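Shown below: structure-v1.txt, with compact mmCIF, C-alpha atoms.
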```
# COMPACT_ATOMS: atom_id res chain seq x y z
CA MET A 1 11.22 -38.70 -16.07
CA ASN A 2 11.39 -41.61 -13.62
CA THR A 3 7.90 -42.88 -12.95
CA ARG A 4 9.19 -45.70 -10.75
CA ILE A 5 9.15 -43.50 -7.68
CA ILE A 6 7.33 -40.59 -6.07
CA PRO A 7 10.21 -38.10 -6.00
CA VAL A 8 8.80 -35.93 -3.20
CA ASN A 9 8.61 -36.39 0.56
CA TYR A 10 5.52 -35.87 2.65
CA ASN A 11 3.84 -37.07 5.82
CA TYR A 12 1.07 -39.63 5.52
CA LEU A 13 -2.16 -39.38 7.49
CA ALA A 14 -5.06 -41.84 7.42
CA PRO A 15 -7.97 -40.57 9.50
CA THR A 16 -10.87 -42.96 10.13
CA THR A 17 -13.62 -40.39 10.70
CA LEU A 18 -14.78 -37.39 8.70
CA ALA A 19 -14.45 -35.12 11.78
CA GLU A 20 -10.81 -36.13 12.13
CA ALA A 21 -10.14 -35.47 8.43
CA LEU A 22 -11.78 -32.03 8.56
CA THR A 23 -9.69 -31.17 11.63
CA VAL A 24 -6.53 -32.07 9.73
CA LEU A 25 -7.58 -29.76 6.89
CA ALA A 26 -8.38 -26.95 9.35
CA ASP A 27 -5.11 -27.28 11.27
CA LYS A 28 -2.44 -28.23 8.80
CA PRO A 29 -1.04 -26.51 5.71
CA ARG A 30 -0.51 -28.07 2.28
CA VAL A 31 -2.65 -31.17 2.69
CA LYS A 32 -3.60 -33.16 -0.40
CA ILE A 33 -6.46 -35.63 -0.23
CA LEU A 34 -5.78 -39.14 -1.52
CA ALA A 35 -8.79 -41.20 -2.62
CA GLY A 36 -8.30 -43.41 -5.71
CA GLY A 37 -4.90 -41.90 -6.46
CA THR A 38 -5.13 -42.61 -10.18
CA ASP A 39 -4.64 -38.95 -10.92
CA LEU A 40 -2.77 -37.58 -7.89
CA ILE A 41 -0.08 -40.26 -7.81
CA VAL A 42 0.51 -39.87 -11.56
CA LYS A 43 0.91 -36.11 -11.06
CA LEU A 44 3.34 -36.62 -8.16
CA LYS A 45 5.37 -39.13 -10.16
CA THR A 46 5.52 -36.97 -13.27
CA GLY A 47 6.70 -33.87 -11.43
CA VAL A 48 3.58 -31.70 -11.48
CA ASP A 49 4.26 -29.02 -8.91
CA ILE A 50 1.83 -29.71 -6.07
CA PRO A 51 2.45 -28.06 -2.67
CA LEU A 52 2.43 -31.09 -0.41
CA GLU A 53 3.35 -31.50 3.22
CA TYR A 54 0.68 -34.01 4.21
CA LEU A 55 -0.93 -36.69 2.10
CA MET A 56 -4.26 -37.45 3.74
CA ASP A 57 -5.67 -40.83 2.73
CA ILE A 58 -9.47 -40.72 3.21
CA LYS A 59 -10.10 -44.32 2.13
CA ARG A 60 -10.36 -45.53 5.72
CA ILE A 61 -13.36 -43.29 6.45
CA GLU A 62 -16.30 -45.71 6.34
CA GLU A 63 -18.98 -42.99 6.33
CA LEU A 64 -17.76 -41.69 2.95
CA LYS A 65 -17.97 -45.01 1.16
CA LEU A 66 -21.20 -46.17 -0.36
CA PRO A 67 -23.80 -44.84 -2.76
CA LYS A 68 -27.16 -44.50 -1.01
CA TYR A 69 -30.63 -44.15 -2.47
CA CYS A 70 -33.60 -42.30 -1.14
CA GLN A 71 -36.90 -41.21 -2.65
CA ARG A 72 -35.42 -37.89 -3.66
CA GLY A 73 -32.52 -39.32 -5.61
CA LEU A 74 -29.07 -40.83 -5.33
CA PHE A 75 -26.40 -39.82 -2.82
CA ILE A 76 -22.93 -40.84 -3.97
CA GLY A 77 -20.27 -41.06 -1.27
CA PRO A 78 -16.91 -39.62 -2.31
CA LEU A 79 -15.23 -43.00 -1.96
CA ALA A 80 -17.65 -44.85 -4.25
CA THR A 81 -15.41 -46.16 -7.03
CA LEU A 82 -16.22 -45.89 -10.71
CA SER A 83 -16.61 -49.71 -10.81
CA GLN A 84 -19.07 -49.74 -7.93
CA LEU A 85 -21.18 -47.04 -9.55
CA GLU A 86 -20.97 -48.50 -13.03
CA LYS A 87 -22.38 -51.82 -11.82
CA ASP A 88 -25.18 -50.29 -9.76
CA PRO A 89 -28.48 -51.36 -11.36
CA ASP A 90 -30.40 -48.31 -10.06
CA LEU A 91 -27.79 -45.96 -11.41
CA GLN A 92 -27.90 -47.71 -14.79
CA LYS A 93 -31.68 -47.43 -14.86
CA HIS A 94 -32.17 -43.86 -13.65
CA TYR A 95 -28.96 -42.15 -14.79
CA PRO A 96 -27.99 -43.89 -18.07
CA ALA A 97 -25.82 -41.00 -19.30
CA LEU A 98 -23.68 -41.31 -16.16
CA ALA A 99 -23.52 -45.10 -16.58
CA GLU A 100 -22.29 -44.60 -20.15
CA ALA A 101 -19.63 -42.13 -19.03
CA LEU A 102 -18.41 -44.51 -16.30
CA ARG A 103 -18.16 -47.43 -18.71
CA ALA A 104 -16.22 -45.31 -21.19
CA MET A 105 -13.56 -44.31 -18.65
CA ALA A 106 -10.05 -45.80 -18.52
CA ALA A 107 -9.82 -49.54 -17.85
CA VAL A 108 -11.08 -51.92 -15.18
CA SER A 109 -8.17 -51.63 -12.73
CA VAL A 110 -8.28 -47.83 -12.83
CA ARG A 111 -12.07 -47.89 -12.37
CA ASN A 112 -11.59 -50.20 -9.35
CA MET A 113 -9.46 -47.49 -7.75
CA ALA A 114 -10.74 -44.14 -9.04
CA THR A 115 -13.72 -42.31 -7.57
CA MET A 116 -16.33 -40.05 -9.18
CA ALA A 117 -15.65 -37.43 -6.50
CA GLY A 118 -11.98 -37.49 -7.47
CA ASN A 119 -12.88 -37.13 -11.13
CA LEU A 120 -14.90 -34.00 -10.28
CA CYS A 121 -12.46 -32.50 -7.74
CA ASN A 122 -9.56 -32.98 -10.12
CA ALA A 123 -11.53 -30.56 -12.31
CA SER A 124 -10.10 -31.53 -15.65
CA PRO A 125 -12.02 -29.88 -18.51
CA VAL A 126 -12.11 -33.42 -19.93
CA ALA A 127 -13.62 -35.15 -16.84
CA ASP A 128 -16.11 -37.68 -18.19
CA THR A 129 -18.43 -37.68 -15.16
CA ALA A 130 -18.70 -33.88 -15.15
CA GLY A 131 -21.13 -33.68 -18.09
CA PRO A 132 -23.58 -36.21 -16.63
CA ALA A 133 -23.24 -34.57 -13.18
CA ILE A 134 -24.16 -31.20 -14.70
CA CYS A 135 -27.00 -32.57 -16.84
CA TYR A 136 -28.60 -34.53 -13.98
CA GLY A 137 -28.48 -31.40 -11.83
CA ALA A 138 -25.97 -32.80 -9.34
CA GLN A 139 -25.51 -30.95 -6.08
CA LEU A 140 -22.09 -31.18 -4.47
CA LYS A 141 -21.81 -30.94 -0.70
CA LEU A 142 -18.58 -29.27 0.42
CA GLU A 143 -17.78 -29.52 4.12
CA ASN A 144 -15.23 -27.89 6.35
CA ILE A 145 -14.83 -28.22 10.12
CA THR A 146 -17.53 -25.66 10.93
CA ASN A 147 -19.84 -25.52 7.93
CA HIS A 148 -21.10 -27.01 4.75
CA ARG A 149 -22.36 -25.59 1.47
CA ILE A 150 -24.10 -27.05 -1.57
CA ILE A 151 -22.77 -26.16 -5.00
CA LYS A 152 -24.41 -27.03 -8.31
CA ALA A 153 -22.14 -29.11 -10.55
CA GLU A 154 -22.19 -26.43 -13.29
CA ASP A 155 -20.92 -23.82 -10.79
CA PHE A 156 -18.18 -26.06 -9.37
CA PHE A 157 -15.49 -25.71 -12.03
CA THR A 158 -13.48 -22.50 -12.31
CA GLY A 159 -10.70 -23.41 -14.78
CA PRO A 160 -8.40 -26.25 -15.83
CA GLN A 161 -7.71 -28.25 -12.63
CA THR A 162 -9.37 -25.62 -10.45
CA ASN A 163 -12.70 -25.54 -8.67
CA VAL A 164 -14.51 -23.51 -6.01
CA MET A 165 -13.27 -25.63 -3.07
CA THR A 166 -11.14 -24.08 -0.36
CA PRO A 167 -8.14 -26.09 0.96
CA GLN A 168 -10.15 -26.75 4.14
CA GLU A 169 -13.05 -28.50 2.38
CA ILE A 170 -13.87 -32.08 1.41
CA LEU A 171 -16.49 -33.04 -1.16
CA THR A 172 -18.55 -35.30 1.09
CA GLU A 173 -21.56 -36.04 -1.09
CA ILE A 174 -22.67 -35.94 -4.70
CA PHE A 175 -26.46 -35.79 -4.85
CA LEU A 176 -28.31 -36.62 -8.06
CA PRO A 177 -32.00 -35.65 -7.86
CA GLN A 178 -34.51 -38.25 -9.04
CA PRO A 179 -34.97 -37.76 -12.81
CA LEU A 180 -38.33 -36.49 -14.10
CA ALA A 181 -40.90 -38.79 -15.67
CA ASN A 182 -40.36 -39.41 -19.42
CA CYS A 183 -36.73 -38.47 -19.01
CA GLY A 184 -33.77 -39.80 -20.99
CA GLY A 185 -30.05 -39.13 -20.97
CA ALA A 186 -27.07 -40.00 -23.13
CA PHE A 187 -23.29 -39.51 -23.09
CA ARG A 188 -20.88 -39.84 -26.02
CA LYS A 189 -17.19 -39.24 -26.34
CA LYS A 190 -14.66 -39.43 -29.13
CA THR A 191 -11.36 -41.17 -28.48
CA ARG A 192 -8.57 -42.74 -30.52
CA VAL A 193 -8.81 -46.07 -28.68
CA LYS A 194 -11.39 -47.08 -26.11
CA ALA A 195 -9.52 -46.48 -22.84
CA ASP A 196 -8.41 -42.99 -23.89
CA ILE A 197 -9.20 -39.66 -22.33
CA ALA A 198 -11.81 -37.90 -24.47
CA LYS A 199 -10.90 -35.65 -27.37
CA ILE A 200 -14.39 -34.26 -26.92
CA SER A 201 -17.53 -35.39 -25.09
CA ALA A 202 -21.19 -34.42 -24.95
CA THR A 203 -24.06 -35.22 -22.58
CA ALA A 204 -27.77 -34.50 -22.89
CA VAL A 205 -30.64 -35.11 -20.49
CA LEU A 206 -34.16 -34.48 -21.81
CA ALA A 207 -37.75 -34.93 -20.72
CA ARG A 208 -40.75 -34.79 -23.03
CA GLU A 209 -44.50 -34.61 -23.32
CA GLY A 210 -45.47 -36.09 -26.65
CA ASN A 211 -43.10 -34.50 -29.14
CA ILE A 212 -42.44 -31.40 -27.02
CA ILE A 213 -39.23 -31.01 -25.04
CA THR A 214 -40.18 -30.13 -21.44
CA HIS A 215 -36.72 -30.31 -19.84
CA CYS A 216 -33.30 -30.09 -21.38
CA ARG A 217 -29.71 -29.90 -20.16
CA ILE A 218 -26.71 -30.20 -22.46
CA ALA A 219 -23.05 -30.21 -21.40
CA MET A 220 -19.78 -30.72 -23.21
CA GLY A 221 -16.26 -31.72 -22.20
CA SER A 222 -12.81 -30.94 -23.57
CA ILE A 223 -14.00 -27.89 -25.49
CA ALA A 224 -13.34 -25.05 -23.03
CA ALA A 225 -11.37 -24.34 -19.84
CA VAL A 226 -14.05 -26.12 -17.80
CA PRO A 227 -16.66 -28.84 -18.39
CA LEU A 228 -19.28 -26.61 -19.97
CA PHE A 229 -23.02 -26.37 -19.30
CA LEU A 230 -24.71 -25.05 -22.46
CA GLY A 231 -27.40 -23.28 -20.45
CA GLU A 232 -28.70 -20.88 -23.05
CA LEU A 233 -28.92 -23.53 -25.75
CA SER A 234 -30.62 -25.95 -23.31
CA ALA A 235 -33.20 -23.38 -22.18
CA GLY A 236 -33.92 -22.43 -25.81
CA LEU A 237 -34.93 -26.01 -26.65
CA ILE A 238 -37.55 -26.26 -23.90
CA GLY A 239 -41.06 -25.98 -25.33
CA GLN A 240 -39.90 -26.86 -28.85
CA GLU A 241 -40.99 -29.84 -30.90
CA MET A 242 -38.23 -32.41 -31.43
CA SER A 243 -37.18 -32.84 -35.04
CA PRO A 244 -34.03 -33.56 -37.07
CA ASP A 245 -33.89 -29.86 -38.00
CA LEU A 246 -34.07 -28.83 -34.35
CA ARG A 247 -31.22 -31.20 -33.48
CA ARG A 248 -29.13 -29.92 -36.39
CA GLU A 249 -29.73 -26.31 -35.35
CA ALA A 250 -28.84 -27.16 -31.71
CA GLY A 251 -25.62 -28.81 -32.92
CA ARG A 252 -24.74 -25.73 -34.98
CA LYS A 253 -25.31 -23.42 -32.00
CA ALA A 254 -23.26 -25.69 -29.71
CA ALA A 255 -20.33 -25.59 -32.15
CA GLU A 256 -20.51 -21.77 -32.08
CA THR A 257 -20.58 -21.62 -28.29
CA ILE A 258 -17.52 -23.73 -27.48
CA LYS A 259 -13.96 -22.41 -27.18
CA PRO A 260 -11.72 -25.39 -27.92
CA ILE A 261 -7.92 -25.36 -28.04
CA ASP A 262 -5.23 -27.46 -29.74
CA ASP A 263 -3.65 -29.94 -27.32
CA ASN A 264 -1.84 -33.28 -27.39
CA ARG A 265 -5.07 -35.21 -28.00
CA THR A 266 -6.46 -33.32 -30.96
CA THR A 267 -6.95 -29.91 -32.56
CA ALA A 268 -9.41 -27.09 -31.99
CA GLY A 269 -10.45 -27.55 -35.63
CA TYR A 270 -11.42 -31.19 -35.11
CA ARG A 271 -13.32 -30.33 -31.94
CA THR A 272 -15.28 -27.57 -33.69
CA ALA A 273 -15.99 -29.80 -36.67
CA ILE A 274 -17.30 -32.70 -34.60
CA ALA A 275 -19.07 -30.79 -31.77
CA GLY A 276 -22.33 -30.21 -33.64
CA LEU A 277 -22.62 -33.84 -34.77
CA LEU A 278 -21.92 -35.08 -31.25
CA VAL A 279 -24.64 -32.84 -29.78
CA GLU A 280 -27.10 -34.03 -32.45
CA GLU A 281 -26.21 -37.61 -31.54
CA VAL A 282 -26.71 -37.23 -27.78
CA LEU A 283 -29.97 -35.33 -28.26
CA ALA A 284 -31.29 -38.15 -30.47
CA ALA A 285 -30.14 -40.87 -28.08
CA ALA A 286 -31.51 -39.08 -24.99
CA TRP A 287 -34.83 -38.47 -26.77
CA GLN A 288 -35.18 -42.16 -27.64
CA ARG A 289 -34.42 -43.12 -24.04
CA ALA A 290 -37.15 -40.70 -22.96
CA GLY A 291 -39.51 -42.80 -25.08
CA GLY A 292 -39.62 -40.29 -27.94
CA GLU A 293 -39.65 -41.20 -31.61
CA LEU A 294 -37.08 -39.83 -34.00
CA MET B 1 9.58 -38.33 6.66
CA ALA B 2 9.07 -41.03 9.24
CA LYS B 3 8.73 -44.62 8.14
CA GLN B 4 5.59 -46.43 9.15
CA GLU B 5 4.98 -50.06 9.88
CA ILE B 6 2.45 -51.77 7.67
CA LYS B 7 1.07 -55.26 7.52
CA LEU B 8 0.63 -56.89 4.13
CA THR B 9 -0.63 -60.35 3.37
CA VAL B 10 0.88 -61.37 0.06
CA ASN B 11 -0.01 -64.73 -1.46
CA GLY B 12 -1.17 -65.91 1.96
CA LYS B 13 2.02 -64.92 3.78
CA ILE B 14 1.98 -62.11 6.35
CA TYR B 15 4.68 -59.43 6.22
CA HIS B 16 5.37 -56.59 8.68
CA LEU B 17 7.27 -53.93 6.80
CA GLU B 18 8.69 -50.48 7.51
CA VAL B 19 7.92 -48.20 4.59
CA ALA B 20 8.35 -44.51 3.81
CA PRO B 21 5.15 -42.61 2.92
CA ASN B 22 6.28 -42.14 -0.68
CA GLU B 23 7.22 -45.78 -1.36
CA ILE B 24 5.15 -47.45 -4.06
CA LEU B 25 3.55 -50.84 -3.46
CA LEU B 26 5.02 -52.28 -6.69
CA ASN B 27 8.55 -51.46 -5.52
CA ILE B 28 7.92 -53.06 -2.13
CA LEU B 29 6.72 -56.24 -3.83
CA ARG B 30 9.66 -56.33 -6.21
CA ASP B 31 12.55 -54.94 -4.17
CA LYS B 32 11.72 -55.93 -0.57
CA LEU B 33 9.72 -59.14 -1.04
CA PHE B 34 11.58 -60.14 -4.24
CA LEU B 35 8.31 -60.94 -5.98
CA THR B 36 9.46 -59.72 -9.37
CA GLY B 37 6.55 -61.13 -11.36
CA SER B 38 4.64 -57.83 -11.17
CA LYS B 39 6.34 -55.58 -13.70
CA TYR B 40 7.17 -51.90 -13.91
CA GLY B 41 5.96 -50.85 -17.34
CA CYS B 42 4.84 -47.24 -17.58
CA GLY B 43 4.51 -46.30 -13.91
CA ILE B 44 1.47 -44.11 -14.62
CA GLY B 45 -1.42 -46.55 -14.85
CA GLU B 46 -1.49 -46.91 -18.62
CA CYS B 47 -0.10 -50.39 -19.32
CA GLY B 48 -1.35 -52.82 -16.65
CA ALA B 49 1.98 -54.67 -16.25
CA CYS B 50 1.92 -54.09 -12.47
CA THR B 51 -1.61 -55.50 -11.96
CA ILE B 52 -2.25 -57.34 -8.68
CA LEU B 53 -5.43 -58.65 -7.05
CA ALA B 54 -7.01 -57.66 -3.76
CA GLY B 55 -10.40 -59.08 -2.80
CA GLY B 56 -10.56 -60.71 -6.26
CA ARG B 57 -10.39 -57.33 -8.04
CA SER B 58 -7.53 -55.96 -10.08
CA TYR B 59 -5.49 -52.95 -8.96
CA LEU B 60 -2.46 -51.15 -10.34
CA SER B 61 0.35 -51.52 -7.83
CA CYS B 62 2.39 -48.75 -9.48
CA LEU B 63 -0.17 -46.15 -8.35
CA ILE B 64 -0.62 -47.26 -4.74
CA PRO B 65 1.53 -45.87 -1.94
CA ALA B 66 2.48 -48.91 0.15
CA VAL B 67 1.25 -47.18 3.34
CA ALA B 68 -2.21 -46.94 1.78
CA ALA B 69 -2.23 -50.74 1.35
CA ASP B 70 -1.76 -51.38 5.09
CA GLY B 71 -3.85 -54.42 6.02
CA TRP B 72 -4.49 -55.50 2.43
CA GLU B 73 -4.53 -59.12 1.31
CA ILE B 74 -2.83 -59.22 -2.04
CA THR B 75 -2.33 -61.87 -4.67
CA THR B 76 0.49 -61.48 -7.19
CA ILE B 77 1.24 -63.68 -10.20
CA GLU B 78 3.48 -65.79 -7.93
CA GLY B 79 0.46 -66.68 -5.79
CA LEU B 80 -1.77 -68.19 -8.48
CA ALA B 81 -0.19 -71.62 -9.00
CA LYS B 82 -0.34 -74.25 -6.31
CA GLY B 83 3.25 -75.49 -6.34
CA GLU B 84 3.82 -76.82 -9.85
CA GLU B 85 0.13 -76.86 -10.67
CA LEU B 86 -0.83 -73.88 -12.81
CA THR B 87 -4.31 -72.37 -12.88
CA PRO B 88 -6.39 -73.23 -15.98
CA LEU B 89 -5.80 -69.67 -17.17
CA GLN B 90 -2.01 -69.89 -16.83
CA GLN B 91 -2.04 -73.25 -18.62
CA ALA B 92 -4.25 -71.80 -21.37
CA PHE B 93 -1.76 -68.93 -21.92
CA ILE B 94 0.93 -71.58 -22.58
CA ASP B 95 -1.30 -73.84 -24.70
CA GLU B 96 -2.55 -70.99 -26.89
CA GLY B 97 0.90 -69.42 -27.31
CA ALA B 98 -0.37 -66.26 -25.63
CA ILE B 99 3.14 -65.41 -24.42
CA GLN B 100 5.83 -63.86 -26.58
CA CYS B 101 8.33 -61.71 -24.67
CA GLY B 102 6.36 -62.33 -21.48
CA PHE B 103 6.62 -58.85 -20.02
CA CYS B 104 2.90 -58.09 -20.09
CA THR B 105 1.93 -61.66 -19.17
CA PRO B 106 1.77 -61.37 -15.36
CA GLY B 107 -0.46 -58.28 -15.54
CA MET B 108 -2.50 -59.81 -18.34
CA VAL B 109 -3.04 -63.04 -16.34
CA MET B 110 -3.97 -61.12 -13.17
CA THR B 111 -6.54 -58.95 -14.98
CA ALA B 112 -7.92 -61.99 -16.79
CA THR B 113 -8.17 -63.82 -13.45
CA ALA B 114 -10.28 -60.92 -12.13
CA LEU B 115 -12.33 -61.11 -15.34
CA LEU B 116 -13.13 -64.80 -14.82
CA ASN B 117 -13.97 -64.13 -11.15
CA GLU B 118 -16.53 -61.62 -12.34
CA ASN B 119 -17.84 -63.36 -15.43
CA PRO B 120 -17.25 -67.10 -15.94
CA ASP B 121 -18.80 -66.99 -19.42
CA PRO B 122 -17.36 -63.97 -21.25
CA ASP B 123 -17.71 -63.41 -24.99
CA GLU B 124 -14.91 -62.05 -27.15
CA GLU B 125 -16.04 -58.42 -26.90
CA TYR B 126 -16.26 -58.62 -23.11
CA ILE B 127 -12.72 -60.02 -22.91
CA LYS B 128 -11.30 -57.35 -25.22
CA ASP B 129 -13.04 -54.62 -23.28
CA TYR B 130 -11.95 -55.96 -19.90
CA LEU B 131 -8.32 -56.28 -21.01
CA ARG B 132 -8.24 -52.85 -22.62
CA GLY B 133 -5.93 -51.51 -19.90
CA ASN B 134 -3.32 -54.24 -20.41
CA HIS B 135 -0.94 -53.53 -23.24
CA CYS B 136 1.01 -56.17 -25.18
CA ARG B 137 3.63 -54.71 -27.50
CA CYS B 138 4.39 -58.03 -29.20
CA THR B 139 0.72 -57.77 -30.24
CA GLY B 140 -0.24 -61.21 -29.13
CA TYR B 141 -3.76 -60.05 -28.39
CA ILE B 142 -5.54 -62.68 -30.51
CA ALA B 143 -3.85 -65.55 -28.69
CA ILE B 144 -4.46 -63.85 -25.33
CA VAL B 145 -8.20 -63.55 -25.99
CA LYS B 146 -8.26 -67.20 -27.12
CA ALA B 147 -6.47 -68.25 -23.93
CA VAL B 148 -9.06 -66.51 -21.76
CA GLN B 149 -11.87 -68.14 -23.75
CA ALA B 150 -10.21 -71.56 -23.42
CA ALA B 151 -9.74 -71.12 -19.66
CA ALA B 152 -13.38 -70.02 -19.25
CA GLU B 153 -14.50 -73.09 -21.17
CA LYS B 154 -12.32 -75.35 -19.03
CA GLN B 155 -13.58 -73.76 -15.79
CA ARG B 156 -17.19 -74.21 -16.86
CA GLN B 157 -16.58 -77.88 -17.51
CA GLY B 158 -15.07 -78.03 -14.01
```
Kindly return the structure encoded in the file as structure tokens.
Amino acid sequence: MNTRIIPVNYNYLAPTTLAEALTVLADKPRVKILAGGTDLIVKLKTGVDIPLEYLMDIKRIEELKLPKYCQRGLFIGPLATLSQLEKDPDLQKHYPALAEALRAMAAVSVRNMATMAGNLCNASPVADTAGPAICYGAQLKLENITNHRIIKAEDFFTGPQTNVMTPQEILTEIFLPQPLANCGGAFRKKTRVKADIAKISATAVLAREGNIITHCRIAMGSIAAVPLFLGELSAGLIGQEMSPDLRREAGRKAAETIKPIDDNRTTAGYRTAIAGLLVEEVLAAAWQRAGGEL
Amino acid sequence: MAKQEIKLTVNGKIYHLEVAPNEILLNILRDKLFLTGSKYGCGIGECGACTILAGGRSYLSCLIPAVAADGWEITTIEGLAKGEELTPLQQAFIDEGAIQCGFCTPGMVMTATALLNENPDPDEEYIKDYLRGNHCRCTGYIAIVKAVQAAAEKQRQG
């Protein structure tokens, strides 16, 4: 494999407005969107078979760039880089599980290039920002030339490297609703060394009243064909009193729910063995951030 | 596929270049501009040997199509020193013996330059974390971290 070059030919387009980009997608076949490129260019270099006639660079579209806040929550533009988001003080304060995921990803230069939207659209079952997006109830705005639709993060992924988007759509906005009062979130992943892709990850976002869980969303990565929302487990914890036993039981149920495989990062056995402990850990950390006592 | 003209400012010098859409920025720097300081290591964004700066931040030139860098102002390792005068960081790499085979050094120095732009007073953990995407296979990491600390100290003293 020669990773010095991109061994395929294509036409390059760099629209400067969203309307122009959506027109390209409507009119032309086999268009791939280039944002950070930290995944797409690697795939092109390493010979992953991607139908490609036009590479459309969207980085010149100003309107897709910055994260914006409003009273209702945080709108993340698809070109906001992982570095930009990671350093955002409001994001750190209101969405700590996402901040943790961002800090745990790759290395500085990659984070300066890569975008959260790209991490989601790439739809790896391992995607670190997927768990926090699911747990914070992210809504993804998908636009084509005539229409737009809003998809919940947990409904976005359909399989390894596949999602619900049509070839005519762009993810134009990631919206994170304002977290509830007394809310806390945490993200953890297991890796061999720090910059690695996760062997397994878990995210939890909780809210509480006293010792009672009033809101709960748990997600895991790298344990199924998609980043997985543990909806049933999450719903079952609402109304319960937080305790070490409850966390242990939740961890046990999580380990039963997942469907991990062996791959080049680790084994299904390791993932099953560690899943419960990881869920216990994120539940404890999220609870403490929500102001709860352990 | 048709070549396109791009404008690059590299180390303060403006270049107008004709590039194919699939040409990689690193190869343009090395093969067309003969700036061979930036290295081809892994080619897939794992090793950091190709690190360059744009707007003071570090980027991996092996993952950037040159057409996508149209209009960029880039600094490579060749652009740090003023003539014979090295930056405090470059000098610190020499003084601390932070160079063995030298292959990772340009990328390491570029990332560490971005680090000091961002944080003039980094502790050891911060340096290790920031440099986690730059691999040294001679394992000179201890000396590299010391060099960054020494350069930070020198910069603070002015």
Extract, using all atoms listed in the file, all DNA, RNA and protein residues at most 8 Å from B:Arg156, discarding same-chain residues fewer than 2 positions from it, and format them as number ranges by chain. B: 120-121, 152-154, 158
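Ranking B:Ile64, B:Leu33, B:Val10, B:Leu17 by their shortest atom-to-atom distance to chain A, with only C-alpha atoms included, puts B:Ile64 first.
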For chain B, which residues have at least one atom within 10 Å of chain A, if we go by only C-alpha atoms? Write them as a VMD selection string, please. chain B and resid 1 to 4 20 to 24 26 to 27 40 to 48 51 to 53 57 to 65 67 to 68 111 114 to 115 129 to 134
Taking into account all atoms listed in the file, which residue in the set A:Thr272, A:Thr172, A:Ser234, A:Thr203 is nearest to A:Thr17? A:Thr172
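For the residues B:Ile144, B:Cys50, B:Leu29, B:Val19, ranking by smallest atom-to-atom distance to B:Glu96 using all atoms listed in the file places B:Ile144 first.
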